[in-house]
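Undergrad: Data file final.txt (compact mmCIF, C-alpha atoms and all ligand atoms) is appended below.
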# COMPACT_ATOMS: atom_id res chain seq x y z
CA MET X 1 60.08 -62.40 110.19
CA LEU X 2 60.74 -59.00 111.71
CA GLN X 3 57.86 -57.76 113.76
CA TYR X 4 57.13 -55.74 116.82
CA PRO X 5 55.76 -57.50 119.90
CA GLU X 6 52.75 -56.26 121.87
CA LYS X 7 54.80 -56.26 125.04
CA ILE X 8 58.44 -55.33 125.42
CA ASP X 9 60.66 -57.59 127.52
CA ALA X 10 63.11 -55.78 129.73
CA ILE X 11 65.20 -55.78 132.86
CA GLY X 12 63.89 -53.05 135.10
CA VAL X 13 63.82 -51.73 138.63
CA VAL X 14 60.60 -52.96 140.29
CA ASP X 15 61.04 -51.86 143.91
CA SER X 16 63.38 -50.04 146.30
CA ASP X 17 66.00 -52.75 145.83
CA TRP X 18 67.21 -50.92 142.73
CA LYS X 19 70.47 -52.79 142.48
CA HIS X 20 68.58 -55.99 141.72
CA PRO X 21 66.47 -55.23 138.64
CA LYS X 22 64.15 -58.00 137.47
CA ARG X 23 62.86 -59.41 134.20
CA VAL X 24 59.69 -57.49 133.36
CA ALA X 25 57.38 -56.89 130.40
CA PHE X 26 55.66 -53.60 129.66
CA GLU X 27 53.36 -52.11 127.07
CA PRO X 28 54.97 -49.69 124.64
CA ARG X 29 53.67 -46.21 123.96
CA THR X 30 50.93 -46.10 121.28
CA PHE X 31 52.49 -46.35 117.82
CA GLY X 32 52.41 -43.01 116.00
CA PRO X 33 52.79 -42.31 112.28
CA LYS X 34 56.26 -40.80 112.80
CA ASP X 35 57.50 -43.64 114.99
CA ILE X 36 60.12 -46.24 114.26
CA ASP X 37 60.33 -49.52 116.16
CA ILE X 38 63.78 -50.91 116.83
CA LYS X 39 64.86 -54.38 117.93
CA ILE X 40 67.76 -53.77 120.30
CA GLU X 41 71.14 -55.46 119.85
CA CYS X 42 73.21 -53.81 122.59
CA CYS X 43 73.19 -50.84 124.97
CA GLY X 44 75.89 -48.91 126.81
CA VAL X 45 75.70 -48.16 130.53
CA CYS X 46 75.66 -44.47 131.42
CA GLY X 47 76.09 -42.87 134.85
CA SER X 48 72.56 -41.54 134.40
CA ASP X 49 71.27 -45.12 134.41
CA ILE X 50 72.47 -45.51 137.97
CA HIS X 51 71.02 -42.16 139.08
CA ALA X 52 67.61 -42.91 137.57
CA ALA X 53 67.55 -46.51 138.85
CA ALA X 54 68.53 -45.40 142.35
CA GLY X 55 65.78 -42.76 142.43
CA ASN X 56 68.21 -39.83 142.63
CA TRP X 57 66.15 -37.93 140.08
CA GLY X 58 62.83 -38.55 141.79
CA ASP X 59 60.45 -41.41 142.22
CA LEU X 60 59.56 -42.88 138.81
CA PRO X 61 56.71 -45.27 137.99
CA LYS X 62 57.83 -48.90 138.08
CA PRO X 63 59.27 -50.68 136.27
CA VAL X 64 62.08 -48.20 135.68
CA VAL X 65 63.81 -49.37 132.52
CA VAL X 66 67.01 -47.44 131.84
CA GLY X 67 69.60 -47.44 129.04
CA HIS X 68 70.12 -44.77 126.41
CA GLU X 69 73.11 -45.82 124.35
CA ILE X 70 71.07 -48.10 122.14
CA ILE X 71 71.99 -49.90 118.92
CA GLY X 72 69.53 -52.11 117.05
CA THR X 73 67.73 -52.67 113.78
CA VAL X 74 64.63 -51.05 112.33
CA VAL X 75 61.67 -53.45 112.39
CA ARG X 76 58.75 -51.13 111.66
CA LYS X 77 58.20 -47.63 110.24
CA GLY X 78 55.20 -45.37 110.72
CA SER X 79 53.10 -44.33 107.71
CA GLU X 80 54.27 -40.71 107.84
CA CYS X 81 57.99 -41.31 108.28
CA THR X 82 60.02 -39.30 105.80
CA SER X 83 63.47 -40.54 106.84
CA GLU X 84 65.45 -42.86 104.63
CA PHE X 85 65.60 -45.73 107.12
CA GLU X 86 64.98 -49.19 105.74
CA ILE X 87 63.64 -52.21 107.56
CA GLY X 88 66.64 -54.16 108.84
CA GLN X 89 68.94 -51.13 108.89
CA ARG X 90 71.31 -50.72 111.85
CA VAL X 91 70.49 -47.58 113.82
CA GLY X 92 70.98 -46.02 117.23
CA VAL X 93 69.08 -44.05 119.86
CA GLY X 94 70.76 -41.76 122.37
CA ALA X 95 69.47 -40.06 125.49
CA GLN X 96 66.62 -38.15 123.86
CA CYS X 97 63.56 -39.67 122.22
CA TYR X 98 61.22 -36.71 121.68
CA SER X 99 60.88 -32.93 121.39
CA CYS X 100 58.34 -30.59 119.73
CA LEU X 101 60.44 -30.23 116.53
CA LYS X 102 58.70 -26.89 115.90
CA CYS X 103 60.12 -24.35 118.35
CA HIS X 104 63.06 -21.99 117.74
CA ARG X 105 65.38 -24.31 119.62
CA CYS X 106 64.30 -27.43 117.76
CA LEU X 107 64.59 -25.68 114.40
CA ASN X 108 68.16 -24.62 115.20
CA ASN X 109 69.68 -27.96 116.18
CA ASN X 110 69.03 -27.41 119.86
CA GLU X 111 66.26 -29.96 120.28
CA SER X 112 67.90 -31.23 123.48
CA TYR X 113 67.16 -27.80 124.99
CA CYS X 114 63.49 -27.85 123.89
CA ASP X 115 60.96 -27.38 126.69
CA LYS X 116 59.17 -30.49 125.40
CA CYS X 117 62.34 -32.60 125.45
CA VAL X 118 61.63 -36.16 126.60
CA THR X 119 64.65 -38.20 127.54
CA THR X 120 64.82 -41.84 126.49
CA TYR X 121 63.83 -43.10 129.92
CA GLY X 122 62.24 -41.72 133.05
CA GLN X 123 60.39 -38.73 131.56
CA PHE X 124 56.76 -38.24 130.65
CA PHE X 125 55.16 -37.69 127.26
CA ASP X 126 52.14 -35.37 127.06
CA ASP X 127 49.84 -38.41 127.22
CA GLY X 128 51.35 -39.41 130.59
CA TYR X 129 53.40 -42.33 129.30
CA CYS X 130 56.77 -42.58 131.08
CA SER X 131 59.61 -43.28 128.64
CA LYS X 132 61.52 -46.56 128.95
CA GLY X 133 65.01 -47.25 127.72
CA GLY X 134 67.35 -49.79 126.24
CA TYR X 135 67.75 -52.59 128.80
CA ALA X 136 64.90 -54.03 126.78
CA SER X 137 64.14 -56.10 123.72
CA HIS X 138 62.74 -53.17 121.71
CA ILE X 139 62.22 -49.43 121.70
CA ARG X 140 59.76 -47.14 119.91
CA VAL X 141 61.11 -43.72 118.91
CA ASN X 142 60.14 -40.72 116.79
CA GLU X 143 62.18 -40.96 113.57
CA HIS X 144 63.98 -37.65 114.22
CA PHE X 145 65.78 -39.29 117.13
CA VAL X 146 66.89 -42.37 115.20
CA ILE X 147 70.50 -42.23 114.05
CA PRO X 148 72.15 -44.17 111.22
CA ILE X 149 75.38 -45.92 112.28
CA PRO X 150 78.43 -45.88 109.97
CA GLU X 151 79.36 -49.36 108.80
CA ASN X 152 82.90 -49.42 110.19
CA ILE X 153 81.91 -48.79 113.83
CA PRO X 154 81.02 -52.07 115.58
CA SER X 155 77.75 -51.82 117.51
CA GLU X 156 79.30 -52.17 120.99
CA TYR X 157 81.64 -49.28 120.25
CA ALA X 158 78.92 -47.14 118.70
CA GLY X 159 76.39 -47.32 121.57
CA PRO X 160 78.30 -45.24 124.13
CA LEU X 161 78.91 -42.50 121.56
CA LEU X 162 75.20 -41.73 121.46
CA CYS X 163 74.86 -40.37 125.00
CA GLY X 164 78.18 -40.26 126.85
CA GLY X 165 80.22 -39.52 123.76
CA ASN X 166 77.97 -36.83 122.42
CA THR X 167 77.50 -35.22 125.82
CA VAL X 168 81.20 -34.33 125.88
CA PHE X 169 81.51 -33.82 122.12
CA SER X 170 78.78 -31.16 122.01
CA PRO X 171 80.47 -28.68 124.40
CA LEU X 172 83.84 -29.34 122.74
CA LEU X 173 82.34 -28.33 119.38
CA ARG X 174 80.33 -25.42 120.73
CA ASN X 175 83.29 -23.93 122.58
CA GLY X 176 85.89 -23.95 119.85
CA CYS X 177 87.92 -27.10 120.55
CA GLY X 178 90.39 -27.43 117.69
CA PRO X 179 93.95 -26.79 116.52
CA GLY X 180 95.78 -24.17 118.60
CA LYS X 181 93.45 -24.63 121.59
CA LYS X 182 94.42 -25.99 125.00
CA VAL X 183 91.57 -28.10 126.28
CA GLY X 184 91.21 -29.79 129.66
CA ILE X 185 89.07 -32.80 130.47
CA LEU X 186 88.38 -32.94 134.21
CA GLY X 187 87.21 -36.30 135.52
CA ILE X 188 88.48 -39.34 133.63
CA GLY X 189 85.58 -41.76 133.75
CA GLY X 190 83.30 -43.13 131.07
CA ILE X 191 82.60 -39.75 129.51
CA GLY X 192 85.98 -38.18 130.29
CA HIS X 193 87.89 -40.95 128.56
CA MET X 194 85.91 -40.26 125.39
CA GLY X 195 86.46 -36.51 125.86
CA LEU X 196 90.24 -36.98 125.75
CA MET X 197 89.97 -38.93 122.49
CA PHE X 198 87.62 -36.50 120.79
CA ALA X 199 89.48 -33.33 121.89
CA LYS X 200 92.67 -34.86 120.46
CA ALA X 201 90.90 -35.94 117.28
CA LEU X 202 89.61 -32.38 116.86
CA GLY X 203 93.22 -31.15 116.96
CA ALA X 204 93.52 -29.58 120.42
CA GLU X 205 96.38 -29.85 122.91
CA VAL X 206 94.79 -31.98 125.60
CA TYR X 207 95.13 -31.81 129.40
CA ALA X 208 93.74 -34.67 131.48
CA ILE X 209 92.79 -33.50 134.97
CA SER X 210 92.22 -36.12 137.65
CA ARG X 211 92.48 -36.22 141.43
CA THR X 212 95.14 -38.92 141.65
CA SER X 213 97.61 -40.45 139.20
CA LYS X 214 95.78 -43.80 139.14
CA LYS X 215 94.76 -43.30 135.52
CA LYS X 216 97.94 -41.57 134.37
CA GLU X 217 99.06 -44.35 132.03
CA ASP X 218 95.61 -44.61 130.47
CA VAL X 219 95.19 -40.92 129.72
CA PHE X 220 98.29 -40.77 127.55
CA LYS X 221 97.11 -43.81 125.60
CA LEU X 222 93.76 -42.07 125.15
CA GLY X 223 95.36 -39.00 123.61
CA ALA X 224 96.22 -36.60 126.43
CA ASP X 225 99.36 -34.48 126.04
CA HIS X 226 99.52 -33.42 129.70
CA PHE X 227 98.34 -34.80 133.01
CA ILE X 228 97.41 -32.92 136.18
CA ALA X 229 96.77 -34.81 139.44
CA THR X 230 95.14 -32.19 141.65
CA LYS X 231 95.43 -34.14 144.92
CA GLU X 232 99.10 -34.94 144.34
CA GLU X 233 100.31 -31.58 143.03
CA PRO X 234 99.24 -29.05 145.68
CA ASP X 235 100.49 -26.14 143.54
CA TRP X 236 98.67 -27.25 140.37
CA ALA X 237 96.59 -24.10 140.08
CA GLU X 238 99.71 -21.91 140.10
CA LYS X 239 101.80 -24.26 138.00
CA TYR X 240 99.23 -24.17 135.18
CA TYR X 241 98.16 -20.56 135.75
CA ASP X 242 96.69 -18.87 132.62
CA THR X 243 96.97 -21.96 130.43
CA LEU X 244 93.67 -23.40 129.21
CA ASP X 245 91.06 -22.16 126.74
CA LEU X 246 88.42 -24.66 127.71
CA VAL X 247 87.75 -27.21 130.44
CA ILE X 248 84.95 -29.74 130.24
CA VAL X 249 84.01 -30.94 133.73
CA CYS X 250 83.04 -34.60 133.37
CA ALA X 251 83.02 -35.53 137.07
CA GLY X 252 79.93 -37.48 138.11
CA SER X 253 79.49 -35.22 141.11
CA LEU X 254 80.60 -31.60 141.48
CA LYS X 255 81.14 -31.90 145.24
CA ASP X 256 84.84 -32.62 144.85
CA VAL X 257 85.55 -30.18 142.02
CA ASP X 258 87.69 -27.25 143.19
CA PHE X 259 85.83 -24.34 141.58
CA ASP X 260 87.97 -21.84 143.47
CA SER X 261 91.22 -23.03 141.90
CA LEU X 262 90.00 -24.07 138.47
CA PRO X 263 89.58 -20.51 137.08
CA ARG X 264 93.27 -19.84 137.88
CA ILE X 265 94.38 -22.21 135.12
CA MET X 266 92.05 -20.60 132.56
CA GLN X 267 93.10 -17.93 130.10
CA VAL X 268 91.00 -14.74 130.09
CA GLY X 269 87.84 -15.58 128.17
CA GLY X 270 88.37 -19.23 128.94
CA ARG X 271 85.33 -21.39 129.49
CA ILE X 272 84.55 -23.99 132.10
CA VAL X 273 81.66 -26.17 130.98
CA SER X 274 80.16 -28.84 133.20
CA ILE X 275 78.24 -31.78 131.83
CA SER X 276 77.69 -33.33 135.23
CA VAL X 277 74.16 -34.42 136.13
CA PRO X 278 74.50 -34.85 139.89
CA GLU X 279 71.84 -35.51 142.48
CA GLN X 280 69.08 -32.93 142.39
CA SER X 281 70.05 -31.36 145.72
CA GLU X 282 73.63 -30.55 144.70
CA LYS X 283 74.73 -26.90 144.33
CA ILE X 284 77.88 -25.24 143.03
CA VAL X 285 79.42 -22.66 145.39
CA LEU X 286 81.53 -20.01 143.65
CA LYS X 287 83.54 -16.99 144.77
CA PRO X 288 82.68 -14.27 142.22
CA PHE X 289 86.19 -12.78 142.25
CA GLY X 290 87.66 -16.14 141.42
CA LEU X 291 85.73 -16.03 138.17
CA LEU X 292 87.26 -12.79 136.86
CA GLY X 293 87.41 -13.06 133.07
CA VAL X 294 86.27 -16.68 133.01
CA LEU X 295 82.93 -18.07 131.84
CA ILE X 296 81.18 -21.00 133.40
CA ALA X 297 78.26 -22.95 131.97
CA ASN X 298 76.36 -26.20 132.08
CA SER X 299 75.83 -28.19 128.92
CA HIS X 300 72.98 -30.59 128.18
CA LEU X 301 72.81 -33.50 125.74
CA GLY X 302 74.16 -32.73 122.30
CA SER X 303 71.91 -32.41 119.29
CA ILE X 304 71.08 -35.14 116.80
CA GLU X 305 73.18 -33.25 114.24
CA GLU X 306 76.15 -33.32 116.63
CA ILE X 307 75.74 -37.08 117.14
CA LYS X 308 75.98 -37.49 113.36
CA GLN X 309 79.13 -35.34 113.29
CA LEU X 310 80.65 -37.35 116.10
CA LEU X 311 79.92 -40.65 114.35
CA LYS X 312 81.56 -39.24 111.21
CA LEU X 313 84.68 -38.24 113.17
CA VAL X 314 84.90 -41.62 114.92
CA SER X 315 84.37 -43.43 111.61
CA GLU X 316 86.94 -41.39 109.68
CA LYS X 317 89.62 -41.48 112.38
CA ASN X 318 88.80 -45.09 113.26
CA LEU X 319 88.61 -44.26 116.97
CA ARG X 320 87.77 -47.05 119.42
CA ILE X 321 86.53 -46.16 122.88
CA TRP X 322 87.46 -48.51 125.76
CA ILE X 323 84.62 -50.81 126.69
CA GLU X 324 83.86 -53.88 128.76
CA LYS X 325 81.05 -56.14 127.57
CA TYR X 326 78.46 -57.98 129.68
CA PRO X 327 75.71 -60.24 128.28
CA ILE X 328 72.45 -58.69 129.47
CA ASN X 329 70.61 -60.59 132.23
CA GLU X 330 69.45 -59.91 135.80
CA ALA X 331 72.71 -61.03 137.43
CA ASN X 332 74.90 -58.98 135.13
CA VAL X 333 72.82 -55.82 135.43
CA ASN X 334 73.18 -56.21 139.20
CA GLU X 335 76.95 -56.69 138.93
CA VAL X 336 77.40 -53.73 136.61
CA PHE X 337 75.31 -51.48 138.90
CA GLU X 338 77.47 -52.52 141.87
CA ARG X 339 80.67 -51.87 139.95
CA MET X 340 79.42 -48.53 138.61
CA GLU X 341 78.56 -47.42 142.13
CA LYS X 342 82.12 -48.15 143.21
CA GLY X 343 83.52 -46.33 140.19
CA ASP X 344 85.04 -49.61 139.06
CA VAL X 345 84.83 -49.10 135.31
CA ARG X 346 87.43 -48.66 132.56
CA TYR X 347 85.74 -47.03 130.86
CA ARG X 348 82.29 -47.97 129.58
CA TYR X 349 80.14 -51.05 130.12
CA VAL X 350 78.05 -52.31 127.23
CA PHE X 351 75.27 -54.89 127.56
CA THR X 352 75.26 -57.39 124.69
CA ASP X 353 73.71 -60.75 123.71
CA TYR X 354 70.15 -59.40 123.67
CA ASP X 355 69.00 -62.31 121.53
CA LYS X 356 69.97 -64.80 124.24
CA GLU X 357 68.02 -63.00 126.96
CA PHE X 358 65.01 -61.80 125.02
CA ASN X 359 64.91 -64.27 122.05
ZN ZN X 401 73.70 -40.90 129.39
ZN ZN X 402 61.06 -27.71 120.50
Go ahead and render the structure in this file as structure tokens.
TA:
Amino acid sequence: MLQYPEKIDAIGVVDSDWKHPKRVAFEPRTFGPKDIDIKIECCGVCGSDIHAAAGNWGDLPKPVVVGHEIIGTVVRKGSECTSEFEIGQRVGVGAQCYSCLKCHRCLNNNESYCDKCVTTYGQFFDDGYCSKGGYASHIRVNEHFVIPIPENIPSEYAGPLLCGGNTVFSPLLRNGCGPGKKVGILGIGGIGHMGLMFAKALGAEVYAISRTSKKKEDVFKLGADHFIATKEEPDWAEKYYDTLDLVIVCAGSLKDVDFDSLPRIMQVGGRIVSISVPEQSEKIVLKPFGLLGVLIANSHLGSIEEIKQLLKLVSEKNLRIWIEKYPINEANVNEVFERMEKGDVRYRYVFTDYDKEFN
């Protein structure tokens, strides 16, 4: 019998020892008529999980339950839901769980830029409830933010598309990635590795930009046509002068990104778009003259519509991101956090076996 429990079981951060999250149980937000309850099957591990768990985005009420690359099944629908979801259907939830759905931004597929945007964990609803994510048995979400998953994408491979994947897909789409375009992906980690695949699938000529050549073999397998190792090719900015139409900066931190040299490799009108969500204190320092003719921007989460487009692309082209699976439990969350902190990931962790841990 599918039903929603009164308390949600989870693995969450309970004190300053954030690398050792513990089994916890918490009360869900009050069920609303537009809400859908989901029993979680697996969840990807995003860099944001580490930031939020470690307190880099501020001190959050405990337990801090992270995870926003969620796949599960619908177990309950509110009385005013108009979506086509059926009980038992496989669905996903990405990094956003709420917005006003009425403002100009929401009505134009920019709900992730809504002033009332609530991210799937670590942000507050108007009633003061702090959102909690997918390292948990269940999640309760407004139906607008529930996404149907195409049948031919296995759950573990679908989860990471919902945040990491869409975060790089959105600026690719919005900035003209496609045939005839030269597109760079800077920072080949969890999100960057997906960026290479999607830019290629969209038809662009793809440049992987990394500091060293450690990941050189991987990037060509992932779809890159060219590889630039900025630490190993001192003249890279001159060698690739006036080449790229678009660069998506996927580095976890912007501290090591060379924003003085990067505009040199851009064509006039070229765009540098960062998706990095670094520590709150970080700043970008730019020399205005270096930016002549080049645009620079920061991109937020993609829209729900873009997630659906991405899932369609992945389904049609049968793309498979590179993942490493871990059954969810206290010890494994600890191990994954430690490995994420060291950057030891190729290229996305996914927590699985939820039934074993949470029954
Ligand atoms: Zn994320
Ligand atoms: Zn809105």
Undergrad: If we count only C-alpha atoms and set the cut-off at 10 Å, which residues sit around Val294 in chain X, ignoring sequence neighbours fewer than 6 positions away in its own chain? Please answer as a VMD selection string.
TA: chain X and resid 245 to 246 262 to 264 266 to 272
Undergrad: Pick out the residues sitting within 10 Å of Val285 in chain X, and hand them over as a VMD selection string; count all atoms listed in the file, and ignore anything fewer than 3 positions along from it in its own chain.
TA: chain X and resid 254 to 255 258 to 260 282 288
Undergrad: I'd like the contact shell of range 191-202 of chain X - 7 Å cut-off, all atoms listed in the file, skipping same-chain residues fewer than 6 positions apart - returned as a PDB file with C-alpha atoms, in the frame of the given file.
TA:
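Okay, this is what ended up in around11.pdb:
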ATOM      1  CA  GLY X 164      78.180 -40.260 126.850  1.00  0.00           C
ATOM      2  CA  GLY X 165      80.220 -39.520 123.760  1.00  0.00           C
ATOM      3  CA  VAL X 168      81.200 -34.330 125.880  1.00  0.00           C
ATOM      4  CA  PHE X 169      81.510 -33.820 122.120  1.00  0.00           C
ATOM      5  CA  LEU X 172      83.840 -29.340 122.740  1.00  0.00           C
ATOM      6  CA  CYS X 177      87.920 -27.100 120.550  1.00  0.00           C
ATOM      7  CA  GLY X 178      90.390 -27.430 117.690  1.00  0.00           C
ATOM      8  CA  ILE X 185      89.070 -32.800 130.470  1.00  0.00           C
ATOM      9  CA  LEU X 222      93.760 -42.070 125.150  1.00  0.00           C
ATOM     10  CA  GLY X 223      95.360 -39.000 123.610  1.00  0.00           C
ATOM     11  CA  ALA X 224      96.220 -36.600 126.430  1.00  0.00           C
ATOM     12  CA  CYS X 250      83.040 -34.600 133.370  1.00  0.00           C
ATOM     13  CA  ILE X 321      86.530 -46.160 122.880  1.00  0.00           C
ATOM     14  CA  TYR X 347      85.740 -47.030 130.860  1.00  0.00           C
TER      15      TYR X 347
END
Undergrad: Could you report the residues within 8 Å of ligand ZN 401 (chain X), using only C-alpha atoms and all ligand atoms, as a ChimeraX atom specification?
TA: /X:45-49,67-69,94-95,163-164,167
Undergrad: Compile the contact shell of range 126-132 of chain X as a compact mmCIF listing (two decimals) with C-alpha atoms, keeping the file's coordinate frame: residues with an atom at most 7 Å away, counting only C-alpha atoms, same-chain residues fewer than 4 positions apart removed.
TA:
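Written file, part.txt:
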# COMPACT_ATOMS: atom_id res chain seq x y z
CA ARG X 29 53.67 -46.21 123.96
CA VAL X 64 62.08 -48.20 135.68
CA VAL X 65 63.81 -49.37 132.52
CA VAL X 66 67.01 -47.44 131.84
CA THR X 120 64.82 -41.84 126.49
CA TYR X 121 63.83 -43.10 129.92
CA GLY X 122 62.24 -41.72 133.05
Undergrad: Select, from X:Val314, X:Leu173, X:Leu244, X:Ile209, the residue with the minimum atom-to-atom distance to Gly189 in chain X, counting only C-alpha atoms.
TA: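 Distance minimum relative to Gly189 in chain X lands on X:Ile209.
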Undergrad: So how far away is CA of Asp59 in chain X from CA of Arg140 in chain X, in Å?
TA: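 Interatomic distance here is 23.0 Å.
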Undergrad: Produce as a ChimeraX atom specification the set of residues near ligand ZN 402 (chain X), where near means within 6 Å with only C-alpha atoms and all ligand atoms considered.
TA: /X:99-103,105-106,111,114,116
Undergrad: Give me the range 80-122 of chain X side of the contact with range 144-153 of chain X, cut-off 9 Å, one line per residue showing its nearest atom pair and distance in Å at one decimal, counting all atoms listed in the file, sorted by chain and residue number, as JSON lines.
TA:
{"residue": "X:Ser83", "atom": "CA", "partner": "X:His144", "partner_atom": "CA", "distance": 7.9}
{"residue": "X:Phe85", "atom": "CA", "partner": "X:Pro148", "partner_atom": "CA", "distance": 7.9}
{"residue": "X:Gln89", "atom": "CA", "partner": "X:Pro148", "partner_atom": "CA", "distance": 8.0}
{"residue": "X:Arg90", "atom": "CA", "partner": "X:Ile149", "partner_atom": "CA", "distance": 6.3}
{"residue": "X:Val91", "atom": "CA", "partner": "X:Pro148", "partner_atom": "CA", "distance": 4.6}
{"residue": "X:Gly92", "atom": "CA", "partner": "X:Ile147", "partner_atom": "CA", "distance": 5.0}
{"residue": "X:Val93", "atom": "CA", "partner": "X:Val146", "partner_atom": "CA", "distance": 5.4}
{"residue": "X:Gly94", "atom": "CA", "partner": "X:Phe145", "partner_atom": "CA", "distance": 7.6}
{"residue": "X:Gln96", "atom": "CA", "partner": "X:Phe145", "partner_atom": "CA", "distance": 6.9}
{"residue": "X:Cys97", "atom": "CA", "partner": "X:Phe145", "partner_atom": "CA", "distance": 5.6}
{"residue": "X:Tyr98", "atom": "CA", "partner": "X:Phe145", "partner_atom": "CA", "distance": 6.9}
{"residue": "X:Leu101", "atom": "CA", "partner": "X:His144", "partner_atom": "CA", "distance": 8.5}
Undergrad: Please write as a PyMOL selection string the list of polymer residues whose atoms come within 9 Å of (96.4, -32.5, 142.5), counting only C-alpha atoms and keeping to the coordinates of the file.
TA: chain X and resi 209-213+228-237
Undergrad: Using all atoms listed in the file, pick whichever of X:Asn298, X:Leu162, X:Leu286, X:Ala204 has the shortest atom-to-atom distance to Leu310 in chain X.
TA: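 Looking at the shortest contact to Leu310 in chain X, the residue is X:Leu162.
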